[in-house]
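Coordinates from model-v6.txt are shown below (compact mmCIF, C-alpha atoms and all ligand atoms).
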# COMPACT_ATOMS: atom_id res chain seq x y z
CA MET A 245 -2.56 47.16 -30.53
CA SER A 246 -0.36 48.08 -33.49
CA SER A 247 0.43 45.23 -35.82
CA LYS A 248 4.12 45.45 -34.93
CA LYS A 249 3.29 45.17 -31.27
CA ALA A 250 0.87 42.32 -32.00
CA THR A 251 3.57 40.43 -33.88
CA HIS A 252 5.99 40.99 -31.03
CA GLN A 253 3.37 39.63 -28.64
CA GLN A 254 2.85 36.57 -30.84
CA THR A 255 6.57 35.88 -31.06
CA LYS A 256 6.87 36.10 -27.30
CA GLN A 257 3.95 33.75 -26.81
CA HIS A 258 5.40 31.34 -29.36
CA ASN A 259 8.79 31.33 -27.65
CA ARG A 260 7.19 30.92 -24.24
CA ASP A 261 5.18 27.91 -25.45
CA LEU A 262 8.24 26.42 -27.15
CA VAL A 263 10.31 26.66 -23.98
CA LEU A 264 7.47 25.24 -21.88
CA LYS A 265 6.97 22.35 -24.30
CA THR A 266 10.68 21.53 -24.14
CA ILE A 267 10.54 21.50 -20.34
CA ILE A 268 7.40 19.33 -20.38
CA ASP A 269 9.11 16.87 -22.73
CA HIS A 270 11.94 16.32 -20.23
CA ASP A 271 12.04 15.33 -16.59
CA ALA A 272 14.79 17.86 -16.00
CA ILE A 273 16.61 20.16 -18.39
CA SER A 274 19.03 23.11 -18.23
CA ARG A 275 18.58 26.50 -19.86
CA ALA A 276 21.54 25.81 -22.15
CA GLU A 277 20.02 22.56 -23.31
CA ILE A 278 16.67 24.28 -23.96
CA ALA A 279 18.50 26.88 -26.07
CA ARG A 280 20.24 24.12 -28.01
CA ARG A 281 17.01 22.27 -28.72
CA THR A 282 14.81 25.26 -29.52
CA HIS A 283 17.44 27.34 -31.40
CA LEU A 284 16.47 30.32 -29.25
CA THR A 285 19.17 32.53 -27.76
CA ARG A 286 20.24 31.93 -24.16
CA ALA A 287 18.90 35.35 -23.23
CA THR A 288 15.45 34.58 -24.69
CA VAL A 289 15.37 31.23 -22.93
CA SER A 290 16.25 32.89 -19.62
CA ASP A 291 13.50 35.49 -20.11
CA MET A 292 10.93 32.82 -20.90
CA VAL A 293 12.02 30.65 -17.97
CA ALA A 294 11.63 33.70 -15.72
CA ILE A 295 8.03 34.13 -16.93
CA LEU A 296 7.26 30.44 -16.47
CA THR A 297 8.80 30.42 -12.99
CA ARG A 298 6.82 33.50 -12.00
CA GLU A 299 3.65 31.74 -13.16
CA GLY A 300 4.56 28.79 -10.96
CA LEU A 301 4.70 26.41 -13.91
CA VAL A 302 8.43 25.70 -13.74
CA LYS A 303 10.94 25.43 -10.93
CA GLU A 304 14.65 24.85 -10.42
CA ILE A 305 15.27 21.40 -9.00
CA GLY A 306 19.03 21.23 -8.50
CA TYR A 307 22.22 20.90 -10.47
CA GLY A 308 23.06 18.67 -13.41
CA GLU A 309 26.43 17.19 -14.26
CA SER A 310 29.10 19.65 -15.24
CA ILE A 311 30.69 19.19 -18.64
CA GLY A 312 33.64 21.38 -17.71
CA GLY A 313 32.81 24.65 -15.99
CA LYS A 314 29.89 25.40 -13.75
CA ALA A 315 27.28 22.71 -13.15
CA PRO A 316 24.03 23.71 -14.89
CA ILE A 317 20.85 24.39 -12.94
CA LEU A 318 18.12 21.98 -13.92
CA LEU A 319 14.52 23.01 -14.51
CA SER A 320 11.39 20.96 -14.24
CA LEU A 321 7.66 21.30 -14.78
CA VAL A 322 5.60 21.79 -11.63
CA SER A 323 3.08 19.03 -12.41
CA ASP A 324 0.49 20.20 -9.89
CA SER A 325 0.64 23.88 -10.80
CA ARG A 326 -2.54 23.58 -12.91
CA TYR A 327 -5.39 21.08 -13.14
CA LEU A 328 -7.58 19.94 -16.01
CA ILE A 329 -10.79 17.94 -16.13
CA GLY A 330 -11.44 15.21 -18.67
CA LEU A 331 -14.88 13.61 -19.19
CA ASP A 332 -15.77 10.43 -21.06
CA LEU A 333 -19.48 10.26 -21.85
CA ALA A 334 -19.48 6.63 -22.97
CA GLN A 335 -22.62 4.73 -23.94
CA ASP A 336 -23.06 2.87 -20.70
CA ARG A 337 -21.12 4.95 -18.16
CA PHE A 338 -20.03 8.52 -17.68
CA SER A 339 -16.67 9.09 -16.05
CA GLY A 340 -14.53 12.07 -15.28
CA SER A 341 -11.16 12.85 -13.74
CA VAL A 342 -9.17 15.76 -12.47
CA VAL A 343 -5.65 15.43 -13.87
CA ASN A 344 -2.49 17.47 -13.50
CA LEU A 345 -0.14 18.71 -16.21
CA ARG A 346 1.53 15.31 -16.47
CA GLY A 347 -1.79 13.54 -16.94
CA GLU A 348 -1.66 12.05 -13.46
CA THR A 349 -5.14 11.34 -12.18
CA LYS A 350 -5.93 13.16 -8.95
CA TYR A 351 -9.56 12.31 -8.48
CA SER A 352 -12.12 10.32 -10.49
CA VAL A 353 -15.87 9.83 -10.55
CA GLU A 354 -17.92 7.33 -12.51
CA TYR A 355 -21.63 6.54 -12.88
CA PRO A 356 -23.63 4.09 -14.98
CA VAL A 357 -25.89 5.75 -17.53
CA ASP A 358 -28.54 3.11 -18.09
CA ASN A 359 -31.72 4.31 -19.74
CA LYS A 360 -31.35 7.97 -19.01
CA ASP A 361 -33.25 10.41 -21.16
CA ARG A 362 -31.84 13.60 -22.61
CA GLU A 363 -32.34 15.69 -19.49
CA GLN A 364 -31.31 13.02 -16.98
CA ALA A 365 -28.11 12.37 -18.91
CA LEU A 366 -27.30 16.08 -18.82
CA GLN A 367 -28.00 16.20 -15.07
CA LEU A 368 -25.55 13.33 -14.64
CA VAL A 369 -22.85 15.35 -16.40
CA TYR A 370 -23.49 18.20 -13.93
CA LYS A 371 -23.41 15.81 -10.99
CA ILE A 372 -19.98 14.50 -12.06
CA LEU A 373 -18.58 17.96 -12.65
CA ASP A 374 -20.00 19.24 -9.34
CA GLN A 375 -18.08 16.48 -7.60
CA LEU A 376 -14.89 17.01 -9.57
CA THR A 377 -14.85 20.76 -8.98
CA ARG A 378 -15.91 20.60 -5.33
CA LYS A 379 -12.52 19.43 -4.11
CA GLN A 380 -10.89 22.78 -4.78
CA TRP A 381 -8.39 21.69 -7.40
CA LYS A 382 -6.98 25.07 -8.20
CA PRO A 383 -6.23 26.59 -10.54
CA LEU A 384 -8.51 24.54 -12.74
CA VAL A 385 -7.93 25.72 -16.30
CA GLY A 386 -10.44 23.87 -18.42
CA ILE A 387 -12.79 20.97 -19.09
CA GLY A 388 -12.40 18.62 -22.05
CA VAL A 389 -15.35 16.39 -22.96
CA GLY A 390 -15.19 13.27 -25.11
CA THR A 391 -18.57 12.02 -26.29
CA PRO A 392 -19.73 9.45 -28.83
CA GLY A 393 -21.50 10.74 -31.91
CA LEU A 394 -21.17 13.72 -34.17
CA VAL A 395 -19.65 16.75 -32.47
CA ASN A 396 -19.12 20.31 -33.65
CA THR A 397 -15.98 21.09 -31.67
CA ARG A 398 -15.72 24.69 -32.85
CA GLU A 399 -19.07 25.57 -31.29
CA GLY A 400 -19.09 22.94 -28.55
CA ILE A 401 -22.28 21.36 -29.88
CA ILE A 402 -23.16 17.69 -29.76
CA VAL A 403 -24.92 17.38 -33.09
CA ASN A 404 -26.13 13.85 -32.64
CA ALA A 405 -25.52 11.24 -29.95
CA VAL A 406 -28.10 8.53 -30.55
CA ASN A 407 -27.84 6.71 -27.24
CA LEU A 408 -28.45 9.82 -25.15
CA GLU A 409 -31.12 11.34 -27.39
CA TRP A 410 -28.87 14.39 -27.59
CA GLN A 411 -29.38 16.44 -30.70
CA ASP A 412 -27.88 19.87 -31.26
CA LEU A 413 -27.06 20.11 -27.57
CA PRO A 414 -24.82 23.14 -26.88
CA LEU A 415 -22.95 21.29 -24.13
CA GLY A 416 -19.82 23.47 -24.31
CA GLN A 417 -21.83 26.63 -23.77
CA LEU A 418 -23.91 25.12 -20.95
CA LEU A 419 -20.83 23.95 -19.07
CA GLU A 420 -18.89 27.17 -19.57
CA LYS A 421 -21.80 29.13 -18.18
CA LYS A 422 -22.16 26.88 -15.15
CA TYR A 423 -18.50 26.29 -14.28
CA LYS A 424 -16.99 29.52 -15.65
CA ILE A 425 -13.96 27.92 -17.27
CA PRO A 426 -13.15 27.08 -20.91
CA VAL A 427 -14.75 23.87 -22.21
CA LEU A 428 -13.88 21.88 -25.32
CA VAL A 429 -16.12 19.11 -26.64
CA LEU A 430 -14.93 16.48 -29.08
CA ASN A 431 -15.74 13.03 -30.34
CA ASP A 432 -14.68 10.24 -27.96
CA SER A 433 -12.52 8.45 -30.52
CA GLN A 434 -10.73 11.67 -31.36
CA ALA A 435 -10.17 12.17 -27.63
CA ALA A 436 -8.82 8.64 -27.25
CA ALA A 437 -6.42 9.32 -30.12
CA ILE A 438 -5.05 12.40 -28.37
CA GLY A 439 -4.77 10.44 -25.12
CA GLU A 440 -2.65 7.74 -26.74
CA PHE A 441 -0.60 10.34 -28.60
CA VAL A 442 0.18 12.47 -25.55
CA TYR A 443 0.33 9.89 -22.75
CA GLY A 444 0.57 6.46 -24.43
CA GLY A 445 4.32 6.27 -24.81
CA GLU A 446 6.99 8.01 -26.83
CA HIS A 447 5.42 9.59 -29.88
CA PRO A 448 7.35 12.15 -31.95
CA SER A 449 5.57 15.51 -31.68
CA ASP A 450 4.99 15.64 -35.46
CA GLN A 451 3.78 12.08 -35.77
CA ASN A 452 1.01 10.84 -38.04
CA LEU A 453 -1.21 8.49 -36.11
CA ILE A 454 -4.56 6.73 -36.40
CA VAL A 455 -6.24 5.49 -33.24
CA VAL A 456 -9.26 3.26 -33.71
CA ASN A 457 -11.56 3.07 -30.73
CA ALA A 458 -13.66 -0.08 -30.83
CA ARG A 459 -16.13 -0.21 -27.99
CA TYR A 460 -19.91 0.08 -27.87
CA GLY A 461 -19.56 2.06 -31.09
CA ILE A 462 -16.54 2.39 -33.37
CA GLY A 463 -14.67 5.50 -34.41
CA ALA A 464 -11.20 6.63 -35.37
CA GLY A 465 -9.14 9.65 -34.41
CA ILE A 466 -6.61 10.89 -36.93
CA LEU A 467 -3.54 12.94 -36.05
CA ILE A 468 -1.55 14.51 -38.86
CA ASN A 469 1.78 16.08 -37.95
CA GLY A 470 0.79 15.80 -34.32
CA ARG A 471 -2.43 17.74 -34.82
CA LEU A 472 -5.92 16.37 -34.65
CA PHE A 473 -7.46 16.21 -38.12
CA GLN A 474 -11.19 16.74 -37.73
CA GLY A 475 -12.23 17.29 -41.35
CA ASP A 476 -14.58 20.02 -42.59
CA ALA A 477 -17.44 19.43 -40.17
CA GLY A 478 -15.41 17.80 -37.38
CA TRP A 479 -16.46 14.24 -38.18
CA ALA A 480 -13.30 12.80 -39.70
CA GLY A 481 -12.80 9.20 -38.58
CA GLU A 482 -16.49 8.35 -38.24
CA ILE A 483 -15.90 4.87 -39.68
CA GLY A 484 -18.48 3.01 -37.59
CA HIS A 485 -21.33 3.71 -39.97
CA VAL A 486 -19.65 2.78 -43.23
CA VAL A 487 -21.51 -0.18 -44.71
CA VAL A 488 -19.31 -3.27 -44.81
CA GLN A 489 -22.01 -5.92 -45.33
CA GLU A 490 -24.66 -5.30 -47.92
CA ASN A 491 -28.09 -6.28 -46.61
CA GLY A 492 -26.46 -6.88 -43.24
CA GLU A 493 -28.03 -6.29 -39.87
CA LEU A 494 -30.03 -3.16 -39.19
CA CYS A 495 -27.90 -0.53 -37.48
CA ARG A 496 -29.20 1.99 -34.94
CA CYS A 497 -28.43 4.68 -37.53
CA GLY A 498 -31.10 3.22 -39.80
CA LYS A 499 -28.78 1.70 -42.39
CA GLN A 500 -27.93 -1.98 -42.78
CA GLY A 501 -24.57 -3.68 -42.35
CA CYS A 502 -22.55 -0.80 -40.86
CA LEU A 503 -19.14 -1.69 -39.38
CA GLU A 504 -20.71 -1.26 -35.94
CA THR A 505 -23.19 -4.07 -36.66
CA VAL A 506 -20.32 -6.60 -36.84
CA SER A 507 -17.23 -5.23 -35.11
CA SER A 508 -18.44 -3.40 -32.01
CA VAL A 509 -19.03 -4.62 -28.47
CA ARG A 510 -22.73 -4.10 -29.03
CA ALA A 511 -22.67 -6.35 -32.12
CA VAL A 512 -20.71 -9.11 -30.42
CA LEU A 513 -22.99 -9.16 -27.38
CA LYS A 514 -26.08 -9.16 -29.54
CA LYS A 515 -24.86 -12.02 -31.70
CA LEU A 516 -23.86 -14.06 -28.67
CA ASN A 517 -27.02 -13.14 -26.83
CA LEU A 518 -25.01 -12.04 -23.78
CA ASP A 519 -25.31 -9.05 -21.45
CA SER A 520 -21.72 -8.37 -20.53
CA LEU A 521 -18.37 -8.29 -22.20
CA ASP A 522 -16.90 -10.32 -19.34
CA GLU A 523 -19.15 -13.24 -20.28
CA ALA A 524 -18.22 -12.92 -23.95
CA GLN A 525 -14.54 -12.79 -23.10
CA ALA A 526 -14.83 -15.84 -20.86
CA SER A 527 -16.58 -17.98 -23.48
CA PHE A 528 -14.12 -16.80 -26.11
CA ALA A 529 -11.19 -17.75 -23.87
CA LEU A 530 -12.73 -21.18 -23.24
CA GLY A 531 -12.75 -21.79 -26.98
CA ASP A 532 -16.51 -21.67 -27.48
CA ARG A 533 -17.01 -22.09 -31.25
CA THR A 534 -19.71 -19.46 -31.68
CA SER A 535 -17.78 -16.87 -29.67
CA GLN A 536 -14.65 -17.56 -31.70
CA ARG A 537 -16.54 -17.17 -34.97
CA VAL A 538 -18.30 -13.96 -33.93
CA VAL A 539 -15.11 -12.34 -32.60
CA ALA A 540 -13.16 -13.38 -35.71
CA ALA A 541 -15.81 -11.82 -37.95
CA ALA A 542 -15.68 -8.66 -35.85
CA ALA A 543 -11.90 -8.53 -36.27
CA HIS A 544 -12.09 -9.31 -39.99
CA TYR A 545 -14.35 -6.40 -40.86
CA LEU A 546 -12.41 -4.03 -38.65
CA GLY A 547 -9.26 -5.04 -40.57
CA ILE A 548 -10.95 -4.18 -43.86
CA SER A 549 -11.81 -0.74 -42.50
CA LEU A 550 -8.19 -0.26 -41.49
CA ALA A 551 -7.13 -1.20 -45.04
CA ASN A 552 -9.35 1.63 -46.29
CA LEU A 553 -7.82 4.07 -43.82
CA ILE A 554 -4.21 3.24 -44.62
CA SER A 555 -4.86 3.23 -48.35
CA MET A 556 -6.38 6.68 -48.13
CA LEU A 557 -3.93 8.23 -45.70
CA ASN A 558 -0.77 6.10 -45.85
CA ILE A 559 -0.33 6.56 -42.11
CA GLN A 560 1.97 3.82 -40.84
CA LYS A 561 1.14 3.80 -37.18
CA ILE A 562 -2.23 2.53 -35.99
CA ILE A 563 -3.26 2.00 -32.38
CA LEU A 564 -6.33 0.02 -31.39
CA THR A 565 -8.09 0.90 -28.18
CA GLY A 566 -11.49 0.38 -26.55
CA ASP A 567 -13.26 -2.59 -24.93
CA MET A 568 -12.92 -4.88 -27.96
CA THR A 569 -9.18 -5.10 -27.28
CA CYS A 570 -10.08 -7.40 -24.36
CA PHE A 571 -10.05 -10.23 -26.91
CA GLY A 572 -6.31 -9.72 -27.07
CA ALA A 573 -3.72 -11.14 -29.43
CA ALA A 574 -6.09 -13.62 -31.12
CA TRP A 575 -8.38 -10.76 -32.13
CA LEU A 576 -5.48 -8.47 -33.08
CA ASP A 577 -3.95 -11.14 -35.34
CA VAL A 578 -7.15 -11.47 -37.37
CA VAL A 579 -7.45 -7.66 -37.64
CA LYS A 580 -3.86 -7.53 -38.92
CA GLU A 581 -4.31 -10.38 -41.35
CA SER A 582 -7.46 -8.94 -42.89
CA MET A 583 -5.94 -5.45 -43.10
CA ARG A 584 -3.01 -6.96 -44.98
CA SER A 585 -5.08 -9.02 -47.37
CA ALA A 586 -7.41 -6.11 -48.14
CA SER A 587 -4.71 -3.61 -49.09
CA LEU A 588 -1.62 -3.38 -51.28
CA SER A 589 1.22 -5.16 -49.55
CA ARG A 590 3.51 -2.15 -50.07
CA LEU A 591 1.06 -0.11 -48.04
CA SER A 592 0.40 -2.54 -45.23
CA GLU A 593 3.83 -4.10 -44.77
CA ASN A 594 5.22 -0.99 -43.14
CA THR A 595 2.13 -0.32 -41.07
CA GLU A 596 2.56 -0.89 -37.37
CA LEU A 597 -0.62 -2.03 -35.69
CA GLU A 598 -0.67 -2.28 -31.92
CA LEU A 599 -2.87 -2.11 -28.85
CA GLY A 600 -3.18 1.14 -26.93
CA ARG A 601 -1.51 1.55 -23.58
CA LEU A 602 -4.09 3.63 -21.75
CA ASP A 603 -7.00 1.24 -21.84
CA TYR A 604 -10.29 2.80 -20.72
CA ARG A 605 -8.49 5.99 -19.59
CA ALA A 606 -7.60 7.07 -23.14
CA CYS A 607 -10.71 9.19 -23.68
CA VAL A 608 -10.62 11.00 -20.32
CA LEU A 609 -6.90 11.74 -20.59
CA GLY A 610 -7.19 12.75 -24.23
CA ALA A 611 -10.15 15.05 -23.61
CA SER A 612 -8.11 16.88 -20.96
CA ALA A 613 -4.93 16.92 -23.08
CA PHE A 614 -6.89 18.38 -26.01
CA LEU A 615 -7.16 21.62 -24.02
CA LEU A 616 -3.40 22.09 -24.41
CA LEU A 617 -2.71 20.30 -27.69
CA ASN A 618 -2.37 23.40 -29.85
CA GLY A 619 -0.93 25.84 -27.34
CA TYR A 620 -0.64 26.67 -23.68
CA SER A 621 -2.55 29.93 -23.48
CA LEU A 622 -5.08 28.42 -21.05
CA LEU A 623 -2.31 28.00 -18.49
CA PHE A 624 -1.80 31.74 -18.44
CA GLN A 625 -5.41 32.83 -17.96
CA GLN A 626 -6.16 32.11 -14.38
CA THR A 627 -9.86 32.50 -13.98
CA ASN A 628 -10.32 31.02 -10.56
ZN ZN A 701 -24.89 2.61 -38.77
Written as structure tokens, how would this file's structure read?
Ligand SMILES: [Zn+2]
Amino acid sequence: MSSKKATHQQTKQHNRDLVLKTIIDHDAISRAEIARRTHLTRATVSDMVAILTREGLVKEIGYGESIGGKAPILLSLVSDSRYLIGLDLAQDRFSGSVVNLRGETKYSVEYPVDNKDREQALQLVYKILDQLTRKQWKPLVGIGVGTPGLVNTREGIIVNAVNLEWQDLPLGQLLEKKYKIPVLVLNDSQAAAIGEFVYGGEHPSDQNLIVVNARYGIGAGILINGRLFQGDAGWAGEIGHVVVQENGELCRCGKQGCLETVSSVRAVLKKLNLDSLDEAQASFALGDRTSQRVVAAAAHYLGISLANLISMLNIQKIILTGDMTCFGAAWLDVVKESMRSASLSRLSENTELELGRLDYRACVLGASAFLLLNGYSLLFQQTN
């Protein structure tokens, strides 16, 4: 392809994606309104809409209100024109869902992981995907996988996931070979961040956002200008193993006093000598002194970590998600207070800190949304 032709192709693809994004961002919108919002010409918009309609992604759904002259035809996304799969390989349970282009869950599967070795855990991933793909959701355009630990997203490799004994596991490659569709693998906290960004309410498309995922482990996902910031190796946001208590408890990573040894679900259960979060939540709600103290300490150290994040990045919107949020407002207040007292007031006073809206679905939805976060080319390569 000549470079001129290549540039033309890129421009066309860019315009097509821009028009599609504008349609996705609205329930119903006219061609004229798309032109106004995208600054493309009416003719270009019409051409792009024709392509999108031919692909089955967009359809006309009726007429809007006339503002003098002919009533405009309204366009809308065909939500079920493509399907995506999102997987959440959490510490204690693996879950997966088939979702449509609006993030609506069509079908879900979940299994406990307990004590599986490397190979058994991998077999469980296959079992879930076999079930999710069996139902003939077509066209299925990709699989997004969120997993705890260090992930090399570019190559689809799980570098290290302690709980599953996975080291240098080329999961992306294995799944692409078996299911013959594109696969993206990313850290679970990064996935949760994308989930909240895309489906957790109205977020401007160029927003800066930190999502901290506090569950069995702790991690953060960082979005800058609406794009996932993964750092040089892909491990940006790995805050769970920063030491916050010198000579503190031994962490599963081998160090002592990591954030995870005080602020995670695992830490809280261990300190309270309980097996389930439900029990911990119940004793906390009943005002049990020890539970209150342990949860407050968990919140306190998490707040200090947030102070570090906002001081480094000056991002003013932080969302907290994951199982630890079950301790609710009492927990959130301590997190807020300690974030404030551990950072310059000018930095923290404008920082909004709130609970996520997607709950346990954040990772699954985010992993699937990641497939389309930086462009829609997958929607135009029908492989099955
Ligand atoms: Zn650690």
Next on the checklist: Could you list, as a PyMOL selection string, every residue within 8 Å of A:Leu301, counting all atoms listed in the file and ignoring same-chain residues fewer than 4 positions away?
Outcome noted: chain A and resi 296-297+321-323+325-326
Proximity of stretch 424-492 of chain A to stretch 568-573 of chain A: per-residue shortest pair, 10 Å limit, all atoms listed in the file, as a Markdown table:
| residue | atom | partner | partner_atom | distance |
| --- | --- | --- | --- | --- |
| A:Asn457 | CA | A:Met568 | CA | 8.5 |
| A:Ala458 | CA | A:Met568 | CA | 5.6 |
| A:Arg459 | CA | A:Met568 | CA | 5.7 |
| A:Tyr460 | CA | A:Met568 | CA | 8.6 |
| A:Ile462 | CA | A:Met568 | CA | 9.8 |
Write the residues of the selection above to a file with C-alpha atoms, as a CSV table (one decimal), in the coordinates of the input.
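As a result, out_23.csv now contains:
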chain,number,residue,atom,x,y,z
A,457,ASN,CA,-11.6,3.1,-30.7
A,458,ALA,CA,-13.7,-0.1,-30.8
A,459,ARG,CA,-16.1,-0.2,-28.0
A,460,TYR,CA,-19.9,0.1,-27.9
A,462,ILE,CA,-16.5,2.4,-33.4
Item to check | Selection as a ChimeraX atom specification: residues within 9 Å of ligand ZN 701 (chain A) by only C-alpha atoms and all ligand atoms | outcome: /A:484-487,494-505
Please identify all polymer residues within 10 Å of A:Gln375, counting all atoms listed in the file, omitting same-chain residues fewer than 3 positions from it, and present them as a tab-separated table (two decimals) with C-alpha atoms, in the coordinates of the input.
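And here is the file that came out, out-v2.tsv:
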chain	number	residue	atom	x	y	z
A	340	GLY	CA	-14.53	12.07	-15.28
A	341	SER	CA	-11.16	12.85	-13.74
A	351	TYR	CA	-9.56	12.31	-8.48
A	352	SER	CA	-12.12	10.32	-10.49
A	353	VAL	CA	-15.87	9.83	-10.55
A	370	TYR	CA	-23.49	18.20	-13.93
A	371	LYS	CA	-23.41	15.81	-10.99
A	372	ILE	CA	-19.98	14.50	-12.06
A	378	ARG	CA	-15.91	20.60	-5.33
A	379	LYS	CA	-12.52	19.43	-4.11
A	380	GLN	CA	-10.89	22.78	-4.78
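Ranking A:Ala540, A:Gly619, A:Arg280, A:Ser589 by their shortest atom-to-atom distance to A:Gln254, with all atoms listed in the file included, puts A:Gly619 first.
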Checklist outcome for this item: Computed gap from atom CA of A:Phe441 to atom CA of A:Ile466 is 10.3 Å
Checklist entry - Which residue gives the smallest distance to A:Arg281 among A:Lys265, A:Trp381, A:Ala542, A:Ser587, with all atoms listed in the file counted? => result A:Lys265
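Interatomic distance, atom CA of A:Ser507 to atom CA of A:Tyr443: 26.3 Å.
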Checklist outcome for this item: As a check of understanding: the span from atom CA of A:Gly465 to atom CA of A:Ala436 is 7.2 Å
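Using only C-alpha atoms for every distance, the candidate list A:Gly300, A:Ser535, A:Ile267, A:Ala279 yields A:Ile267 as the residue closest to A:Ser320.
Compared by their closest atoms to A:Leu333, and using only C-alpha atoms, the residues A:Ser274, A:Gln364, A:Ser310, A:Asn431 rank with A:Asn431 nearest.
The nearest approach to A:Asp432 among the residues A:Lys515, A:Arg298, A:Ala574, A:Glu482, with all atoms listed in the file taken into account, belongs to A:Glu482.
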Take every atom of stretch 346-364 of chain A listed in the file, pad by 5 Å on each side, and give me the axis-aligned box centre and edge lengths in Å, one decimal, as AutoDock Vina command-line options.
--center_x -15.9 --center_y 9.4 --center_z -15.5 --size_x 44.8 --size_y 22.6 --size_z 24.1
Checklist entry - Counting all atoms listed in the file, which of A:Val456, A:Leu616, A:Leu319, A:Leu472 gets nearest to A:Ser549? => result A:Val456
Next on the checklist: Env of stretch 392-408 of chain A: 7 Å cut, atoms = only C-alpha atoms, seq-sep filter 5 positions within chain, self excluded. Answer as a PyMOL selection string.
Outcome noted: chain A and resi 334-335+361-362+365+413-417+428-432+477-479
With C-alpha atoms kept, could you save the residues just selected as an mmCIF file, in the frame of the given file?
data_model
loop_
_atom_site.group_PDB
_atom_site.id
_atom_site.type_symbol
_atom_site.label_atom_id
_atom_site.label_comp_id
_atom_site.auth_asym_id
_atom_site.auth_seq_id
_atom_site.Cartn_x
_atom_site.Cartn_y
_atom_site.Cartn_z
ATOM 1 C CA ALA A 334 -19.480 6.630 -22.970
ATOM 2 C CA GLN A 335 -22.620 4.730 -23.940
ATOM 3 C CA ASP A 361 -33.250 10.410 -21.160
ATOM 4 C CA ARG A 362 -31.840 13.600 -22.610
ATOM 5 C CA ALA A 365 -28.110 12.370 -18.910
ATOM 6 C CA LEU A 413 -27.060 20.110 -27.570
ATOM 7 C CA PRO A 414 -24.820 23.140 -26.880
ATOM 8 C CA LEU A 415 -22.950 21.290 -24.130
ATOM 9 C CA GLY A 416 -19.820 23.470 -24.310
ATOM 10 C CA GLN A 417 -21.830 26.630 -23.770
ATOM 11 C CA LEU A 428 -13.880 21.880 -25.320
ATOM 12 C CA VAL A 429 -16.120 19.110 -26.640
ATOM 13 C CA LEU A 430 -14.930 16.480 -29.080
ATOM 14 C CA ASN A 431 -15.740 13.030 -30.340
ATOM 15 C CA ASP A 432 -14.680 10.240 -27.960
ATOM 16 C CA ALA A 477 -17.440 19.430 -40.170
ATOM 17 C CA GLY A 478 -15.410 17.800 -37.380
ATOM 18 C CA TRP A 479 -16.460 14.240 -38.180
#
